[in-house]
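Shown next, in structure tokens, is the structure this report addresses.
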Amino acid sequence: MNQLVGERLSIITPKAQTTRHRILGIVNKEDWQIVFSDTPGFIDEPGYELHNAMNVAVLESLEDADVLLILIDATSPALPDALTVALQRFELPIAVVINKVDLVQSTAITAIENHWKETLPSASQFHIVATKGYGLAEVTQYILQGIPEHPPYFPKDQLTDRTERFFVAEIIREKILEQYRQEVPYSVEVEVNAFKEEAKLTRIEAFIYVNRKTQKPIIIGKGGQSIKKLGTAARLAIEEWLQQKVFLELHVKVREKWREDDNVLRQFGYPK
């Protein structure tokens with residue numbers, strides 16, 4: 001979606017379940033508007049209420065869509081069974097978009113194609129390399145052929161439905177995913193508590209919530225080294241995104257079992 005919209009809206013890491021929220025990306029041209037809905041990955045066996053909320057975001061997106069793009073990672077092509085079953089009941093244009101085709105052998109791509117021909121016989125198929133923009137023009141044309149005529153849903157100068165605070169929190173979470181290992185990144189939620197724009201500086205205060213008391217010292221690190229490293233990486237990325245100098249202040253708080261608490265999940269903006 002970042003390549004199609006032309007802006008860095010969705011965070012990207014090599015780890016699974018990086019995306020937690022449904023994010024809209026809006027592309028405006030003179031005579032058309034496409035609203036992309038980037039969803040979390042579907043989880044076949046949810047372990048927490050957080051996973052259920054992420055699955056709700058996926059299914060709501062499917063219900064709202066005029067065109068479905070199923071993004072397949074050619075290096076790891078399996079999708080959850082429950083999602084595959086759900087896709088089969090939709091009678092709208094569906095395209096299987098196979099990404100990273102430059103990283104696998106042609107025989108592997110053929111196997112993916114054959115699987116989806118059997119699973120969704122009516123679906124179109126595309127090969128792309130998202131990081132290089134390869135194949136995206138063809139995908140865009142496919143979308144334009146499938147979406148109905150309708151007055152624009154959003155103003156022409158709008159790129160997304162999310163706020164700057166949301167994206168700042170996502171950038172911080174991206175750096176947590178990159179820096180920390182095992183369960184810790186998945187036990188963390190980030191909330192921007194203060195966002196103050198000044199003439200030459202944006203001051204940001206963010207809370208990092210962890211799931212257990214034992215995780216707080218891991219985030220902070222010995223002598224505060226880990227959170228200092230995190231703050232530097234996040235600040236530089238936020239500055240690049242905002243195109244302005246940033247003063248970033250991070251605090252770590254314990255919110256035990258937040259992934260299992262419906263009220264806390266709603267506070268963090270997850271659907272139910």
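FYI, nothing fancy with the structure tokens labels: chains A, B, ... in order, residues from 1 per chain, ligands from 1 as they appear.
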Determine, using only C-alpha atoms, which residues of range 25-118 of chain A have any atom at most 8 Å from an atom of range 129-147 of chain A, and tabulate each with its shortest atom pair and distance in Å to one decimal place, rows ordered by chain and then rising number, as a Markdown table.
| residue | atom | partner | partner_atom | distance |
| --- | --- | --- | --- | --- |
| A:Ile34 | CA | A:Leu144 | CA | 7.9 |
| A:Asp66 | CA | A:Ile147 | CA | 5.7 |
| A:Val67 | CA | A:Gly146 | CA | 6.2 |
| A:Pro93 | CA | A:Gly146 | CA | 6.3 |
| A:Asn99 | CA | A:Val129 | CA | 5.4 |
| A:Lys100 | CA | A:Val129 | CA | 5.0 |
| A:Val101 | CA | A:Val129 | CA | 6.3 |
| A:Asp102 | CA | A:Val129 | CA | 6.8 |
>> Residues near Leu265 in chain A, anyone? I mean within 10 Å using only C-alpha atoms, not counting same-chain ones fewer than 4 positions away, as a ChimeraX atom specification.
In response: /A:49-50,53,189,258-261,269-272
>> Just want the 12 Å neighbourhood of Asn193 in chain A, counted on only C-alpha atoms, with same-chain residues fewer than 6 positions away dropped. Output as an MDAnalysis selection string.
In response: chainID A and resid 165:166 168:169 203:209 248:251 268
Taking C-alpha atoms for each residue, export the selection above as a PDB file, in the first residue's frame.
ATOM      1  CA  ARG A 165      -0.371  10.772  16.531  1.00  0.00           C
ATOM      2  CA  PHE A 166      -1.371   7.327  15.256  1.00  0.00           C
ATOM      3  CA  VAL A 168       4.028   8.367  15.382  1.00  0.00           C
ATOM      4  CA  ALA A 169       2.899   5.568  17.715  1.00  0.00           C
ATOM      5  CA  ARG A 203       7.560  17.762  21.057  1.00  0.00           C
ATOM      6  CA  ILE A 204       6.208  14.254  21.533  1.00  0.00           C
ATOM      7  CA  GLU A 205       5.597  12.265  24.684  1.00  0.00           C
ATOM      8  CA  ALA A 206       4.699   8.587  24.268  1.00  0.00           C
ATOM      9  CA  PHE A 207       3.840   5.774  26.662  1.00  0.00           C
ATOM     10  CA  ILE A 208       5.048   2.242  25.974  1.00  0.00           C
ATOM     11  CA  TYR A 209       2.727  -0.220  27.694  1.00  0.00           C
ATOM     12  CA  LEU A 248      10.818  12.548  21.767  1.00  0.00           C
ATOM     13  CA  GLU A 249      10.221  11.478  25.355  1.00  0.00           C
ATOM     14  CA  LEU A 250       9.415   7.811  26.059  1.00  0.00           C
ATOM     15  CA  HIS A 251       7.971   6.313  29.257  1.00  0.00           C
ATOM     16  CA  PHE A 268      -6.194   1.628  22.185  1.00  0.00           C
TER      17      PHE A 268
END
> Quick one: residues within 8 Å of Pro40 in chain A, only C-alpha atoms counted, chain neighbours fewer than 2 positions away excluded, as a list of chain:residue names?
Replying inline: A:Gln17, A:Thr18, A:Thr19, A:Arg20, A:His21, A:Arg22, A:Asp38, A:Phe42, A:Met54, A:Asn55, A:Ala57, A:Val58
>> For Gln125 in chain A, find every residue with an atom within 10 Å (counting only C-alpha atoms), except residues of its own chain fewer than 2 positions away, and show them as a PyMOL selection string.
In response: chain A and resi 69-70+94-98+113+116-117+122-123+127+139
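Using only C-alpha atoms, the protein and nucleic acid residues lying no more than 9 Å from Gln158 in chain A, apart from those fewer than 5 places from it along its own chain, are A:Gly25, A:Ile26, A:Val27, A:Asn28.
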Hey, what does DSSP flag as strand (DSSP E) within range 57-244 of chain A? Can you give it to me as a short mmCIF file (atom, residue, chain, number, x, y, z; two decimals) with N, CA and C atoms, in the first residue's frame?
data_model
loop_
_atom_site.label_atom_id
_atom_site.label_comp_id
_atom_site.auth_asym_id
_atom_site.auth_seq_id
_atom_site.Cartn_x
_atom_site.Cartn_y
_atom_site.Cartn_z
N LEU A 68 -10.98 -7.10 -3.91
CA LEU A 68 -10.11 -7.70 -2.91
C LEU A 68 -8.75 -8.03 -3.52
N LEU A 69 -7.71 -7.62 -2.86
CA LEU A 69 -6.35 -8.00 -3.24
C LEU A 69 -5.80 -8.91 -2.15
N ILE A 70 -5.49 -10.14 -2.52
CA ILE A 70 -4.89 -11.08 -1.57
C ILE A 70 -3.38 -11.04 -1.79
N LEU A 71 -2.66 -10.47 -0.84
CA LEU A 71 -1.22 -10.31 -1.00
C LEU A 71 -0.51 -11.56 -0.49
N ILE A 72 0.21 -12.22 -1.39
CA ILE A 72 0.92 -13.46 -1.08
C ILE A 72 2.42 -13.19 -1.09
N ASP A 73 3.09 -13.55 -0.01
CA ASP A 73 4.55 -13.47 0.05
C ASP A 73 5.10 -14.73 -0.61
N ILE A 94 -11.62 -10.44 -7.30
CA ILE A 94 -10.54 -10.82 -6.39
C ILE A 94 -9.27 -11.04 -7.21
N ALA A 95 -8.18 -10.49 -6.71
CA ALA A 95 -6.89 -10.69 -7.37
C ALA A 95 -5.90 -11.25 -6.36
N VAL A 96 -5.20 -12.29 -6.78
CA VAL A 96 -4.10 -12.84 -5.99
C VAL A 96 -2.83 -12.12 -6.45
N VAL A 97 -2.24 -11.36 -5.55
CA VAL A 97 -1.06 -10.55 -5.87
C VAL A 97 0.16 -11.20 -5.22
N ILE A 98 1.01 -11.78 -6.03
CA ILE A 98 2.17 -12.52 -5.52
C ILE A 98 3.36 -11.58 -5.46
N ASN A 99 3.80 -11.29 -4.24
CA ASN A 99 4.89 -10.33 -4.02
C ASN A 99 6.23 -11.06 -3.85
N SER A 124 -8.10 -13.24 -10.54
CA SER A 124 -6.98 -12.85 -11.39
C SER A 124 -5.68 -12.99 -10.59
N GLN A 125 -4.55 -13.03 -11.31
CA GLN A 125 -3.27 -13.17 -10.63
C GLN A 125 -2.27 -12.15 -11.18
N PHE A 126 -1.46 -11.61 -10.27
CA PHE A 126 -0.44 -10.63 -10.64
C PHE A 126 0.85 -10.95 -9.93
N HIS A 127 1.98 -10.65 -10.60
CA HIS A 127 3.30 -10.77 -9.99
C HIS A 127 3.81 -9.36 -9.71
N ILE A 128 4.30 -9.12 -8.48
CA ILE A 128 4.84 -7.80 -8.17
C ILE A 128 6.13 -7.92 -7.36
N GLU A 189 2.21 -2.08 23.54
CA GLU A 189 1.34 -1.13 22.83
C GLU A 189 1.91 0.26 23.07
N VAL A 190 1.78 1.14 22.08
CA VAL A 190 2.32 2.50 22.18
C VAL A 190 1.18 3.50 22.06
N GLU A 191 1.20 4.49 22.95
CA GLU A 191 0.18 5.54 22.93
C GLU A 191 0.86 6.90 23.03
N VAL A 192 0.53 7.80 22.12
CA VAL A 192 1.10 9.16 22.16
C VAL A 192 0.26 9.99 23.12
N ASN A 193 0.90 10.46 24.18
CA ASN A 193 0.21 11.22 25.22
C ASN A 193 0.20 12.72 24.93
N ALA A 194 1.25 13.21 24.27
CA ALA A 194 1.35 14.64 23.96
C ALA A 194 2.01 14.82 22.60
N PHE A 195 1.48 15.76 21.83
CA PHE A 195 2.01 16.04 20.49
C PHE A 195 1.87 17.54 20.28
N LYS A 196 2.96 18.26 20.45
CA LYS A 196 2.92 19.72 20.40
C LYS A 196 3.83 20.23 19.29
N GLU A 197 3.23 20.87 18.29
CA GLU A 197 3.99 21.41 17.17
C GLU A 197 4.40 22.85 17.44
N THR A 202 8.84 19.65 16.96
CA THR A 202 7.63 18.97 17.45
C THR A 202 8.01 18.18 18.69
N ARG A 203 7.31 18.45 19.79
CA ARG A 203 7.56 17.76 21.06
C ARG A 203 6.55 16.64 21.23
N ILE A 204 7.07 15.43 21.44
CA ILE A 204 6.21 14.25 21.53
C ILE A 204 6.52 13.50 22.81
N GLU A 205 5.47 13.15 23.53
CA GLU A 205 5.60 12.27 24.68
C GLU A 205 4.78 11.02 24.40
N ALA A 206 5.39 9.84 24.56
CA ALA A 206 4.70 8.59 24.27
C ALA A 206 4.88 7.61 25.42
N PHE A 207 3.81 6.83 25.66
CA PHE A 207 3.84 5.77 26.66
C PHE A 207 3.98 4.42 25.96
N ILE A 208 4.90 3.62 26.44
CA ILE A 208 5.05 2.24 25.97
C ILE A 208 4.46 1.34 27.06
N TYR A 209 3.37 0.68 26.73
CA TYR A 209 2.73 -0.22 27.69
C TYR A 209 3.22 -1.65 27.47
N VAL A 210 3.63 -2.30 28.57
CA VAL A 210 4.04 -3.69 28.49
C VAL A 210 3.02 -4.57 29.23
#
> Got a sec: who's within 10 Å of Ala82 in chain A, counting only C-alpha atoms, leaving out chain neighbours fewer than 6 positions off, as a PyMOL selection string?
Replying inline: chain A and resi 42-45
>> So the first atom is CA of Val5 in chain A and the second is CA of His51 in chain A; what is the distance between them in Å, to one decimal place?
In response: 26.9 Å
